[in-house]
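S.K.: The structure is given below, and queries will be raised subsequently.
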Amino acid sequence: MLYVLIILFSAIAQYFGPWWLMPIVCFVLCLWKADAALKAFGVAFFAAATLWLGYASYQHFVNEGLIGQKVADIFKIPNVLVLVVITTLIGGIVSGFAGMAGYYCRRALA
Amino acid sequence: MKYIRALLSLLVAGGLTYLLNQPLGPAPALGPFFSPFTGFWQNDEAPQKVSSSELKLQGLKGEVIVKYDDNGVPHIFAQNDEDLFFAQGYIIARDRLWQMDFYTRVTSGRLSEVMGPLALDFDRYNRRLQLPEGAAKLAEVFMKDPDSKLVAESYSAGINAYIEQVEYKDLAIEFKILGYSPEPWSPLKTALVEMLMRKDMNARSDDYRMSNTLAAHGKEVVKDLFPNYPIEESPIIPKGTKWGFTPVAVPKVPEMLKASVAARLDIESENPGIGSNNWAVHGSRTATGLPLLSNDPHLGLSLPSIWYQMQLVSPTVNVYGVCVPGWPGIGIGFNKDIAWGMTNVGSDVFDFYQIQFKDKTQKEYQHDGQWRPVTMKINEFRVKEEAKAVQDTVRYTHHGPILYSDGQTPFMGDLPVGHALTWIGPVAVGNSLKALYMINRAKNYDDYRAIMPYLASPAFNVVFASNQNDVAITSAGQLPLKWKEQGKFVLDGANPAHDWRDWIPVEQNPYVKNPARGYVSSANQFPADPSYPYYLGWKFAPGERGIRINERLEKMTQATIDSLRLLQNDNFNVEARRVLPDLLKILEKDSSSKANPAYQILASWNLRNDPEELGPTIFERWVKELRLAIWDDDFPSTDKKAPMMLPTRDRTWALLQKQPNSKWFDDKRTPKKTETAADIVRTTFAATIDSLIDKHGRINEESWAWGKAKGTDIKHLVPLFKSFSRMDVINGGGANIVNATTEGGHGPSWRMVVQLDKTWPKAFGLYPGGQSGNPGSRLYDNMIDRWAKGELNELVFLKSKEENHPKIISTLKLGK
């Protein structure tokens, strides 16, 4: 449930606003609903990772798919798959920690 | 405990978010850059599809319709000129904003603000060339004429309308990688783009090398080896053309500079790639009975391309062609009645003056028997990642800036200390926007001639053809009125007779209309033979391209679009025709040379620089080595202390053919031996083959093929972004071939052929790139392969916005 909510709200938030609304959404939703630190990290991580992985892949495959490899080459990243993995990890890790922070704050406030 | 945990976890999450939102050294902020909602993933473009859309834009007076064809070319239909230029700015910004912004950062000497310290010397140099000052002057002129004011202001407003509404996610990928945003546009920025063209075309000089040569060898040798007109040449204005004017008095040749040249200048010298071809064939020689016009400007090939195709339509105009992003109007193109094209004139407009300072403080310098004050200017640079602004003091004389003073780091090579520079860039004014406004609307020959006073710099050979069956060419531009050989050597800054004082009257620039031979052409060669009353320079681009174009046009009787296209792609090597038989005769007498398989390749070569030929791979390298081997002992061109000029190839081949026993063939570096022409030919041949084997392996059809061995690189404007470049494009041609593609990445940057017509012209063209500036678009480089093959696209020239053309695939409506 939390997983779906994070994807939904952070997608809407990022469509209209900056990328850092995603960790904020994770923080707020985990503050509201998470029930364990690791679970909060996990669910936020996977939700954000799913969203960024999904949207990046959509951009790559539905469009001409030309930019990924070129950007990978500039940053000396071996191929576009690694670039997708990095994208997924960046989105996931920052959101995971935000989710965990949400849970700990919930505990502190309880 | 729980509070500490909450606080710590908040700090980690917040800190991580903050870090990801900050640029890390030269790298962009990772968060926005990697986010698929905003970052580089957004730059992947959807394939073009049939669509129609609408946009509201503040600043428009009426509705503007933009129709895109399948090559991404916008056809803009506006109800008035303000809206037309507004839309031109808006539309080009959508495709090329980063490039436009980049150009202006280059010429305003502000690249280091976004690229960091590595661009600082380049910035210093561009400021010292006074590119910003020149642009300020031009922008002022734009504002004084009602037409150019309208053009410049509406265009700026259109670009700014785009900049105001663009979001980070839609910014060009270069902005995202380098981490900066576009600045608002202004007429001054348009002027800065024009200054880029002036620098590219004119900022070159042989003065210093020539002075060293004169000092080392004396007048007689210079006169013999560095003549003021080539031995083989086919000038732009046909020989024997009567000059229909009374020339003004040319200044007398003053005493030459006696002082030796103390400083070292390392200014870009020969650059055969910056050239272009254009020609127009009169109806008497074409299949339709009306003229054909062709143009292929050769520039540094880049991605995004220097050119952008557009059709501009308003009640006052319907014109198609290419423009330089940032520069409104159409630069090279055609309308219903006329077509025009440009090549660089390349006259000598970049001169150095030796300056005699009163003392070490360099506060006064001598001129006309008096001490004149030096003025100082401090340029400031806000370099990225550096806390303090960098300052650079420049000294000025009335000649211009002291390009580099003692203790300053020059942009190129060693120090050119204490010389003042006079060059056309910041001096000439004209009004390019007015000129383009007029030529875009021109209906006939008189309209064409009327633009000449507005074309100042760079000087262009403007070719013209009309459906009234007129063809013409004019070497247009502001040209200094010089005494003979003024600026061939470093000038004396103390002698007032050495100053630039006046200009050639604009109506006396070389031009010809409907010459008897039935065609006009230019390929950056001498505009006129020595019968022209004014001195324009001692050296122009080598004559081979012009010679070849003229001999082929001479034979055309029923010319068609395709015959002109084939001529644009002509790979015939005029230089090989001139010199190879003599070289082979020498090799023939030597059994070891003759046994070399490379000899057979050259002997059976068809003299064409076609991509599959092996002959050009050997010949082009060999003649380079040969010229160096003949001259470099006496005229060391890369000497650190006093580099000299190598005699031109034209002069070299004449020496080889007519003076084979000349003392110049002896290599001074081998005192015991006296080399002959034959010795040098044989040894350089063997050495050339050896070094080619080193580079390409044993002789074989594949790696030795000219297309492969040469390769043409089309690099991104930031060469570091290798994956945005297209390297080693396979094609034929060469620096002095009509199809002038070079290894260094110069070549035909736009090829156009127009067939004039009483009712509606037909035109073909393409450039080595694509309409989009986005490497994530198919339209970024889609024309390169056809360009390399020498093919052209038919250009979609719409009669009206109602015309149903099968190639139009999408429509964009701009409304207020």
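Chain labels A, B, ... are given in the sequence in which chains occur in the structure tokens; within each chain residues are numbered consecutively from 1, and ligands are likewise numbered from 1 in the order shown.
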Find the spatial neighbours of B:Trp483, counting only C-alpha atoms, within a cut-off of 8 Å - ignore same-chain residues fewer than 2 positions away - and output them as a list in words.
M.R.: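 Using only C-alpha atoms, the neighbours found are Val250, Pro251, Lys252, Val253, Leu481, Glu485, Gln486, Tyr534 and Tyr535 of chain B.
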S.K.: What lies within 7 Å of stretch 540-555 of chain B using only C-alpha atoms, ignoring chain neighbours under 3 positions off, as a compact mmCIF listing (two decimals) with N, CA and C atoms, in the first residue's frame?
M.R.:
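Just written: around.txt:
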# COMPACT_ATOMS: atom_id res chain seq x y z
N GLU B 232 49.82 30.10 -61.50
CA GLU B 232 48.60 29.53 -62.10
C GLU B 232 47.41 30.03 -61.29
N GLU B 233 46.53 30.73 -61.95
CA GLU B 233 45.37 31.29 -61.25
C GLU B 233 44.26 31.54 -62.25
N SER B 234 43.02 31.47 -61.76
CA SER B 234 41.86 31.80 -62.57
C SER B 234 41.01 32.73 -61.70
N PRO B 272 43.68 26.30 -45.40
CA PRO B 272 42.98 26.16 -46.67
C PRO B 272 41.54 25.70 -46.52
N GLY B 346 38.77 36.85 -48.03
CA GLY B 346 40.10 36.50 -47.54
C GLY B 346 41.19 37.49 -47.86
N SER B 347 40.83 38.75 -48.08
CA SER B 347 41.87 39.75 -48.30
C SER B 347 42.58 40.04 -46.98
N SER B 522 33.38 31.78 -57.68
CA SER B 522 34.46 32.13 -56.76
C SER B 522 34.79 30.94 -55.89
N ALA B 523 36.06 30.86 -55.51
CA ALA B 523 36.53 29.80 -54.61
C ALA B 523 37.65 30.37 -53.76
N ASN B 524 37.46 31.59 -53.27
CA ASN B 524 38.41 32.27 -52.39
C ASN B 524 39.75 32.58 -53.03
N GLN B 525 39.81 32.48 -54.36
CA GLN B 525 41.06 32.82 -55.02
C GLN B 525 41.16 34.35 -55.15
N PHE B 526 42.18 34.82 -55.86
CA PHE B 526 42.32 36.25 -56.07
C PHE B 526 41.03 36.80 -56.69
N VAL B 574 43.63 18.95 -59.31
CA VAL B 574 44.30 19.81 -60.29
C VAL B 574 45.80 19.87 -60.01
N GLU B 575 46.14 19.85 -58.75
CA GLU B 575 47.55 19.92 -58.38
C GLU B 575 48.29 18.67 -58.87
N ASN B 736 42.21 21.22 -51.26
CA ASN B 736 42.22 22.05 -52.46
C ASN B 736 41.49 21.41 -53.63
N ILE B 737 40.54 20.57 -53.24
CA ILE B 737 39.66 19.91 -54.21
C ILE B 737 38.35 20.67 -54.15
N VAL B 738 37.61 20.71 -55.25
CA VAL B 738 36.31 21.41 -55.21
C VAL B 738 35.48 20.88 -54.05
S.K.: If the cut-off is 9 Å, can you tell me the residues of chain B near chain A, counting only C-alpha atoms? I'd like them as a count of residues only.
M.R.: 45
S.K.: Find, counting only C-alpha atoms, the residue in B:Gln79, B:Ser314, B:Ser276, B:Ser154 that gets nearest to B:Ala735.
M.R.: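 That would be B:Ser276, the residue with the smallest distance to B:Ala735.
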S.K.: Taking the chain letters and numbering used in this document, name the residues of stretch 231-391 of chain B that DSSP puts in strand (DSSP E), as a ChimeraX atom specification.
M.R.: /B:275-281,292-300,302-303,308-314,317-323,332-335,338-344,350-354,364-367,370-373,375-381,390-391
S.K.: Could you write out that same residue set with C-alpha atoms as a compact mmCIF listing (two decimals), in the first residue's frame?
M.R.:
# COMPACT_ATOMS: atom_id res chain seq x y z
CA GLY B 275 37.06 28.70 -48.01
CA SER B 276 34.01 28.14 -50.07
CA ASN B 277 32.74 27.73 -53.59
CA ASN B 278 29.95 29.51 -55.35
CA TRP B 279 28.94 30.02 -58.94
CA ALA B 280 26.02 31.01 -61.09
CA VAL B 281 25.46 29.83 -64.63
CA LEU B 292 21.36 28.05 -61.94
CA LEU B 293 23.17 29.00 -58.75
CA SER B 294 25.33 26.92 -56.46
CA ASN B 295 27.01 27.64 -53.13
CA ASP B 296 28.90 25.57 -50.62
CA PRO B 297 30.49 27.59 -47.84
CA HIS B 298 33.35 25.68 -46.19
CA LEU B 299 33.66 26.25 -42.52
CA GLY B 300 34.79 24.35 -39.49
CA SER B 302 30.56 21.28 -36.10
CA LEU B 303 27.64 19.80 -34.27
CA TYR B 308 19.82 26.13 -39.75
CA GLN B 309 17.30 25.89 -42.59
CA MET B 310 14.15 27.99 -42.59
CA GLN B 311 11.48 29.43 -44.80
CA LEU B 312 10.29 32.90 -43.76
CA VAL B 313 7.02 34.26 -45.12
CA SER B 314 5.24 37.56 -44.40
CA VAL B 317 8.82 38.37 -48.13
CA ASN B 318 8.90 34.68 -48.99
CA VAL B 319 12.45 33.40 -48.67
CA TYR B 320 14.11 30.04 -48.04
CA GLY B 321 17.65 29.26 -47.04
CA VAL B 322 20.00 28.89 -44.12
CA CYS B 323 20.80 31.21 -41.25
CA ILE B 332 22.28 32.15 -48.00
CA GLY B 333 19.19 31.25 -49.98
CA PHE B 334 16.64 32.18 -52.58
CA ASN B 335 13.21 33.63 -53.11
CA ILE B 338 16.56 35.56 -57.11
CA ALA B 339 19.14 33.40 -55.38
CA TRP B 340 22.38 34.37 -53.70
CA GLY B 341 25.35 32.77 -52.00
CA MET B 342 28.59 33.72 -50.26
CA THR B 343 32.24 32.77 -50.06
CA ASN B 344 34.95 34.39 -47.96
CA PHE B 350 44.73 41.73 -40.04
CA ASP B 351 47.98 43.69 -39.65
CA PHE B 352 50.59 43.97 -36.93
CA TYR B 353 52.50 47.14 -36.04
CA GLN B 354 55.81 47.21 -34.32
CA GLU B 364 53.94 56.31 -24.32
CA TYR B 365 54.81 55.19 -27.84
CA GLN B 366 56.24 56.90 -30.84
CA HIS B 367 54.13 57.99 -33.78
CA GLN B 370 55.78 62.46 -31.19
CA TRP B 371 55.16 60.46 -28.07
CA ARG B 372 51.55 59.41 -27.89
CA PRO B 373 49.91 58.09 -24.74
CA THR B 375 45.61 53.85 -22.91
CA MET B 376 44.93 51.01 -20.54
CA LYS B 377 41.91 48.83 -20.13
CA ILE B 378 41.32 46.15 -17.54
CA ASN B 379 39.31 43.10 -18.60
CA GLU B 380 37.70 41.10 -15.83
CA PHE B 381 36.89 37.41 -15.90
CA VAL B 390 40.85 37.39 -12.82
CA GLN B 391 42.07 40.68 -14.24
S.K.: Pick from B:Gly773, B:Pro458, B:Pro527, B:Pro643: nearest to B:Ala215, with only C-alpha atoms counted?
M.R.: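 Of all the options, B:Pro643 lies closest to B:Ala215.
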S.K.: Taking the DSSP assignment computed from this structure's backbone, write out as a VMD selection string all residues of stretch 44-242 of chain B that belong to helix (DSSP H, G or I).
M.R.: chain B and resid 81 to 107 112 to 115 117 to 128 131 to 144 146 to 165 168 to 170 173 to 178 187 to 202 207 to 225
S.K.: Fewer than 3 positions away in the same chain doesn't count, so skip those; otherwise give me all residues within 7 Å of stretch 103-108 of chain B, counting only C-alpha atoms, as JSON, numbers by chain.
M.R.: {"B": [99, 100, 111, 123, 126, 127, 131, 132, 189, 192, 193, 195, 196]}
S.K.: Need the shell around A:Phe45: protein/DNA/RNA residues with any atom at most 6 Å away, counting only C-alpha atoms. Skip same-chain ones fewer than 2 positions apart. Format as a list of chain:residue names?
M.R.: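 Contacts, in chain order: A:Phe41, A:Gly42, A:Val43, A:Ala47, A:Ala48, A:Ala49, A:Gly92, A:Ile93, A:Ser95, A:Gly96.
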S.K.: Filtering to N, CA and C atoms, could you give me those residues as an mmCIF file, in the first residue's frame?
M.R.:
data_model
loop_
_atom_site.group_PDB
_atom_site.id
_atom_site.type_symbol
_atom_site.label_atom_id
_atom_site.label_comp_id
_atom_site.auth_asym_id
_atom_site.auth_seq_id
_atom_site.Cartn_x
_atom_site.Cartn_y
_atom_site.Cartn_z
ATOM 1 N N PHE A 41 12.818 2.182 5.132
ATOM 2 C CA PHE A 41 13.888 2.384 4.152
ATOM 3 C C PHE A 41 13.592 1.586 2.884
ATOM 4 N N GLY A 42 13.246 0.324 3.118
ATOM 5 C CA GLY A 42 13.039 -0.588 1.994
ATOM 6 C C GLY A 42 11.912 -0.145 1.082
ATOM 7 N N VAL A 43 10.797 0.170 1.682
ATOM 8 C CA VAL A 43 9.644 0.483 0.854
ATOM 9 C C VAL A 43 9.880 1.790 0.085
ATOM 10 N N ALA A 47 10.123 1.858 -3.920
ATOM 11 C CA ALA A 47 9.107 2.653 -4.618
ATOM 12 C C ALA A 47 9.788 3.687 -5.520
ATOM 13 N N ALA A 48 10.737 4.422 -4.929
ATOM 14 C CA ALA A 48 11.428 5.462 -5.707
ATOM 15 C C ALA A 48 12.224 4.841 -6.849
ATOM 16 N N ALA A 49 12.887 3.714 -6.523
ATOM 17 C CA ALA A 49 13.685 3.042 -7.546
ATOM 18 C C ALA A 49 12.786 2.585 -8.695
ATOM 19 N N GLY A 92 16.698 5.731 -5.408
ATOM 20 C CA GLY A 92 16.337 4.813 -4.330
ATOM 21 C C GLY A 92 16.982 5.176 -3.007
ATOM 22 N N ILE A 93 18.292 5.422 -3.026
ATOM 23 C CA ILE A 93 19.007 5.630 -1.764
ATOM 24 C C ILE A 93 18.521 6.890 -1.044
ATOM 25 N N SER A 95 15.739 8.387 -1.303
ATOM 26 C CA SER A 95 14.360 8.216 -0.850
ATOM 27 C C SER A 95 14.290 7.245 0.322
ATOM 28 N N GLY A 96 15.133 6.212 0.274
ATOM 29 C CA GLY A 96 15.177 5.246 1.367
ATOM 30 C C GLY A 96 15.518 5.931 2.684
#
S.K.: Give me, please, the distance in Å between atom CA of B:His498 and atom CA of B:Lys482, quoted to one decimal.
M.R.: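 About the pair atom CA of B:His498 and atom CA of B:Lys482: they are 9.0 Å apart.
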S.K.: For B:Asp499, which residue among B:Pro254, B:Gly39, B:Gly25, B:Pro616 is the nearest when counting only C-alpha atoms?
M.R.: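 Checking each candidate against B:Asp499, we get B:Pro254 as the closest.
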S.K.: B:Leu580: which residues within 10 Å, counting only C-alpha atoms, same-chain residues fewer than 2 positions away excluded, as a list in words?
M.R.: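 Close residues of B:Leu580: Val574, Glu575, Ala576, Arg577, Arg578, Asp582, Leu583, Leu584, Lys585, Ile586, Leu602, Ala603, Leu607, Phe619, Val623 and Trp653 of chain B.
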S.K.: Might you pull out every residue within 10 Å of B:Lys443, with only C-alpha atoms counted and same-chain residues fewer than 2 positions away left off, and present them as a list in words?
M.R.: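 In the requested form, the answer reads Asn335, Lys336, Asp337, Ile338, Ala339, Met438, Ile439, Asn440, Arg441, Tyr445, Asp446, Asp447, Tyr448, Ser466, Asn467 and Gln468 of chain B.
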S.K.: Of the candidates A:Ala37, A:Leu8, A:Leu29, A:Ala44, which shows the shortest atom-to-atom distance to A:Leu89, using only C-alpha atoms?
M.R.: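 Looking only at the distances to A:Leu89, the closest residue turns out to be A:Ala44.
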S.K.: To one decimal place, how far is atom CA of B:Lys641 from atom CA of B:His419 in Å?
M.R.: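 Atom CA of B:His419 lies at a distance of 16.2 Å from atom CA of B:Lys641.
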S.K.: Restricting the calculation to only C-alpha atoms, which member of B:Ala287, B:Ala87, B:Leu301, B:Ile236 is positioned closest to B:Leu564?
M.R.: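 For B:Leu564, the nearest of the given residues is B:Ala287.
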S.K.: Which is closest to A:Val25 among A:Thr50, A:Val82, A:Ala40, A:Ala13, if we use only C-alpha atoms?
M.R.: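 Looking only at the distances to A:Val25, the closest residue turns out to be A:Ala13.
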